[in-house]
Amino acid sequence: MVKRIFCSLLVLFPLISTAQSQDESFFSLTLAGGITGASTTSNSNEIAVYANSQTFKQYNDSVQKFNTPRFNFGATIWYNHFLADKLFLQTGIGYMDMGYRREQNNLQLGDFTYPGLATGKIIEKTNVTRNINYDYRFHYLNIPLFLNYSIYKSKNLKTNIAIAGGVNTNFLLKHNLVARLDNFKLDDKETFTFDSTGYDARTFSIQLSVGAKLMQRIDKHITLQVQPMFNYHPLSATNEPVMVNMYGFMLNLGVVVSLDMFDE
């Protein structure tokens with residue numbers, strides 16, 4: 001599903017590029033990469049780990065320190081429209097991969113792993129250091145709505161620098177978990193993929209974004225677009241008993257399709 005949507009964005013791009021309707025409007029396509037992380041919380045006293053009778057709150061508190069950021073990526077087709085000389089609207093549709101990583105390091109004989117990962121327990125003793133990285137991934141159809149305010153325009157209109165901020169409406173496509181084993185194998189495998197993160201993921205979420213935007217005209221037909229953005233999910237991506245609030249930084253790189261706004 002995710003691959004089909006990503007490919008569709010790339011296929012649609014040349015079709016949309018001919019849809020210029022106003023001098024004040026232009027389309028662009030960006031590919032993005034960055035880092036994403038999350039804070040997880042729980043107040044539930046329900047039993048989460050039956051092996052040692054840990055509640056969800058106790059378990060979450062014990063693993064919180066092992067949560068780390070991971071790399072993520074996305075792609076967006078943008079529509080931009082100037083509302084005033086320095087103020088322009090930016091919206092579009094795209095794909096975004098969010099989430100976080102949880103590390104399980106220096107595993108020893110008898111340590112528990114994620115349920116369903118082989119036997120769910122380390123059953124062999126060894127002197128080799130064994131680690132597992134669990135990537136919790138939430139895949140979204142993303143609809144951003146940003147306002148940009150230009151703080152610098154060159155006299156020849158080739159350079160435009162703006163501050164940007166707004167909100168993203170996210171619709172969940174799927175969520176999954178990828179476990180990557182470091183320095184050892186289980187059942188002759190180094191990677192395990194689960195079709196769920198194990199959380200009760202919400203189908204709808206809101207993401208706040210703030211950042212900047214640089215448009216640099218290279219020649220008559222090419223204008224580069226660079227847009228770094230910080231993102232934060234004020235609403236949990238999941239329902240109880242464990243709440244996941246995600247954050248991240250993404251760098252959007254792309255090209256402007258229509259150059260009418262730069263005509264001199």
# chains A, B, ... in the order shown; residues from 1 in each chain; ligands from 1
>>> residues_around(residues="segment 37-43 of chain A", least_positions_apart="5", cutoff="7 Å", atoms="only C-alpha atoms", output="MDAnalysis selection string")
chainID A and resid 56:57 60 64 68:70 99:100 241:248
>>> write_last_selection(atoms="N, CA, C and O atoms", output="PDB file, in the first residue's frame")
ATOM      1  N   PHE A  56       1.155  -2.031  32.593  1.00  0.00           N
ATOM      2  CA  PHE A  56       1.562  -1.209  31.456  1.00  0.00           C
ATOM      3  C   PHE A  56       2.389  -0.016  31.917  1.00  0.00           C
ATOM      4  O   PHE A  56       3.374   0.359  31.281  1.00  0.00           O
ATOM      5  N   LYS A  57       1.991   0.599  33.036  1.00  0.00           N
ATOM      6  CA  LYS A  57       2.737   1.745  33.544  1.00  0.00           C
ATOM      7  C   LYS A  57       4.145   1.332  33.962  1.00  0.00           C
ATOM      8  O   LYS A  57       5.133   2.015  33.640  1.00  0.00           O
ATOM      9  N   ASN A  60       6.181   0.462  30.768  1.00  0.00           N
ATOM     10  CA  ASN A  60       6.552   1.644  29.993  1.00  0.00           C
ATOM     11  C   ASN A  60       7.632   2.454  30.691  1.00  0.00           C
ATOM     12  O   ASN A  60       8.573   2.945  30.053  1.00  0.00           O
ATOM     13  N   GLN A  64      11.289   3.223  28.889  1.00  0.00           N
ATOM     14  CA  GLN A  64      11.302   4.589  28.355  1.00  0.00           C
ATOM     15  C   GLN A  64      12.713   5.036  27.980  1.00  0.00           C
ATOM     16  O   GLN A  64      12.914   5.689  26.948  1.00  0.00           O
ATOM     17  N   THR A  68      14.675   5.730  21.309  1.00  0.00           N
ATOM     18  CA  THR A  68      15.593   6.620  20.615  1.00  0.00           C
ATOM     19  C   THR A  68      14.975   7.027  19.270  1.00  0.00           C
ATOM     20  O   THR A  68      14.066   6.367  18.768  1.00  0.00           O
ATOM     21  N   PRO A  69      15.455   8.116  18.662  1.00  0.00           N
ATOM     22  CA  PRO A  69      14.972   8.484  17.322  1.00  0.00           C
ATOM     23  C   PRO A  69      15.471   7.509  16.262  1.00  0.00           C
ATOM     24  O   PRO A  69      16.397   6.727  16.489  1.00  0.00           O
ATOM     25  N   ARG A  70      14.868   7.572  15.110  1.00  0.00           N
ATOM     26  CA  ARG A  70      15.303   6.797  13.947  1.00  0.00           C
ATOM     27  C   ARG A  70      15.107   7.652  12.695  1.00  0.00           C
ATOM     28  O   ARG A  70      14.501   8.711  12.727  1.00  0.00           O
ATOM     29  N   GLY A  99       7.402   7.685  13.733  1.00  0.00           N
ATOM     30  CA  GLY A  99       7.577   6.627  14.731  1.00  0.00           C
ATOM     31  C   GLY A  99       8.812   6.837  15.582  1.00  0.00           C
ATOM     32  O   GLY A  99       9.277   7.955  15.757  1.00  0.00           O
ATOM     33  N   TYR A 100       9.368   5.741  16.051  1.00  0.00           N
ATOM     34  CA  TYR A 100      10.555   5.816  16.904  1.00  0.00           C
ATOM     35  C   TYR A 100      11.219   4.446  16.966  1.00  0.00           C
ATOM     36  O   TYR A 100      10.701   3.453  16.422  1.00  0.00           O
ATOM     37  N   PRO A 241      -3.855   1.493  26.366  1.00  0.00           N
ATOM     38  CA  PRO A 241      -3.203   1.879  27.620  1.00  0.00           C
ATOM     39  C   PRO A 241      -1.850   2.598  27.485  1.00  0.00           C
ATOM     40  O   PRO A 241      -1.314   3.072  28.463  1.00  0.00           O
ATOM     41  N   VAL A 242      -1.301   2.658  26.267  1.00  0.00           N
ATOM     42  CA  VAL A 242      -0.021   3.351  26.082  1.00  0.00           C
ATOM     43  C   VAL A 242      -0.218   4.477  25.072  1.00  0.00           C
ATOM     44  O   VAL A 242      -0.735   4.254  23.968  1.00  0.00           O
ATOM     45  N   MET A 243       0.188   5.688  25.451  1.00  0.00           N
ATOM     46  CA  MET A 243       0.042   6.854  24.590  1.00  0.00           C
ATOM     47  C   MET A 243       1.397   7.179  23.951  1.00  0.00           C
ATOM     48  O   MET A 243       2.434   7.153  24.627  1.00  0.00           O
ATOM     49  N   VAL A 244       1.376   7.472  22.663  1.00  0.00           N
ATOM     50  CA  VAL A 244       2.598   7.750  21.899  1.00  0.00           C
ATOM     51  C   VAL A 244       2.492   9.134  21.267  1.00  0.00           C
ATOM     52  O   VAL A 244       1.664   9.356  20.381  1.00  0.00           O
ATOM     53  N   ASN A 245       3.319  10.074  21.744  1.00  0.00           N
ATOM     54  CA  ASN A 245       3.376  11.419  21.174  1.00  0.00           C
ATOM     55  C   ASN A 245       4.662  11.563  20.385  1.00  0.00           C
ATOM     56  O   ASN A 245       5.756  11.540  20.956  1.00  0.00           O
ATOM     57  N   MET A 246       4.523  11.723  19.081  1.00  0.00           N
ATOM     58  CA  MET A 246       5.687  11.714  18.198  1.00  0.00           C
ATOM     59  C   MET A 246       6.187  13.127  17.886  1.00  0.00           C
ATOM     60  O   MET A 246       5.447  14.098  17.986  1.00  0.00           O
ATOM     61  N   TYR A 247       7.445  13.206  17.503  1.00  0.00           N
ATOM     62  CA  TYR A 247       8.073  14.460  17.101  1.00  0.00           C
ATOM     63  C   TYR A 247       9.141  14.145  16.069  1.00  0.00           C
ATOM     64  O   TYR A 247       9.520  12.974  15.874  1.00  0.00           O
ATOM     65  N   GLY A 248       9.629  15.169  15.392  1.00  0.00           N
ATOM     66  CA  GLY A 248      10.675  14.903  14.421  1.00  0.00           C
ATOM     67  C   GLY A 248      11.122  16.130  13.658  1.00  0.00           C
ATOM     68  O   GLY A 248      10.560  17.221  13.787  1.00  0.00           O
TER      69      GLY A 248
END
>>> select_by_dssp(residues="segment 78-230 of chain A", states="strand (DSSP E or B)", output="PyMOL selection string")
chain A and resi 78-82+87-104+112+121+131-153+159-182+186+189+191-194+201+204-219+222-230
>>> closest_residue(among="A:Phe73, A:Phe184, A:Tyr114, A:Phe26", to="Tyr134 of chain A", atoms="only C-alpha atoms")
A:Tyr114
>>> closest_residue(among="A:Ala179, A:Met215, A:Ile77, A:Met96", to="Ser154 of chain A", atoms="only C-alpha atoms")
A:Met215
>>> residues_around(residues="Leu87 of chain A", least_positions_apart="3", cutoff="8 Å", atoms="only C-alpha atoms", output="list in words")
Phe82, Leu83, Ala84, Leu147, Asn148, Tyr149 and Ser150 of chain A
>>> write_last_selection(atoms="C-alpha atoms", output="short mmCIF file (atom, residue, chain, number, x, y, z; two decimals), in the first residue's frame")
data_model
loop_
_atom_site.label_atom_id
_atom_site.label_comp_id
_atom_site.auth_asym_id
_atom_site.auth_seq_id
_atom_site.Cartn_x
_atom_site.Cartn_y
_atom_site.Cartn_z
CA PHE A 82 0.36 33.93 -2.87
CA LEU A 83 -2.25 35.69 -0.73
CA ALA A 84 -0.23 38.92 -0.56
CA LEU A 147 1.33 29.72 5.92
CA ASN A 148 4.63 31.18 4.73
CA TYR A 149 5.81 34.73 5.35
CA SER A 150 8.70 36.02 3.24
#
>>> residues_around(residues="Pro234 of chain A", least_positions_apart="2", cutoff="7 Å", atoms="only C-alpha atoms", output="list in words")
Gln207, Tyr232, Ser236 and Asn245 of chain A
>>> atom_distance(atom1="atom CA of Phe249 of chain A", atom2="atom CA of Thr193 of chain A")
25.1 Å
>>> closest_residue(among="A:Leu29, A:Leu181, A:Asn133, A:Val210", to="Asn67 of chain A", atoms="only C-alpha atoms")
A:Asn133
>>> atom_distance(atom1="atom CA of Arg102 of chain A", atom2="atom CA of Gly211 of chain A")
27.3 Å
>>> closest_residue(among="A:Val128, A:Asn142, A:Phe27, A:Asn52", to="Leu173 of chain A", atoms="only C-alpha atoms")
A:Asn142
>>> atom_distance(atom1="atom CA of Tyr136 of chain A", atom2="atom CA of Leu109 of chain A")
24.9 Å
>>> closest_residue(among="A:Asn160, A:Asn80, A:Thr113, A:Thr129", to="Val49 of chain A", atoms="only C-alpha atoms")
A:Thr113
>>> residues_around(residues="Asp187 of chain A", least_positions_apart="6", cutoff="10 Å", atoms="only C-alpha atoms", output="list in words")
Leu117, Ala118 and Thr119 of chain A
>>> write_last_selection(atoms="N, CA, C and O atoms", output="compact mmCIF listing (two decimals), in the first residue's frame")
# COMPACT_ATOMS: atom_id res chain seq x y z
N LEU A 117 8.73 -12.95 18.33
CA LEU A 117 10.06 -12.94 17.74
C LEU A 117 10.74 -14.24 18.15
O LEU A 117 11.23 -14.38 19.27
N ALA A 118 10.71 -15.21 17.22
CA ALA A 118 11.19 -16.57 17.51
C ALA A 118 10.46 -17.11 18.75
O ALA A 118 9.24 -17.07 18.80
N THR A 119 11.20 -17.53 19.77
CA THR A 119 10.56 -18.07 20.97
C THR A 119 10.13 -16.98 21.95
O THR A 119 9.48 -17.26 22.94
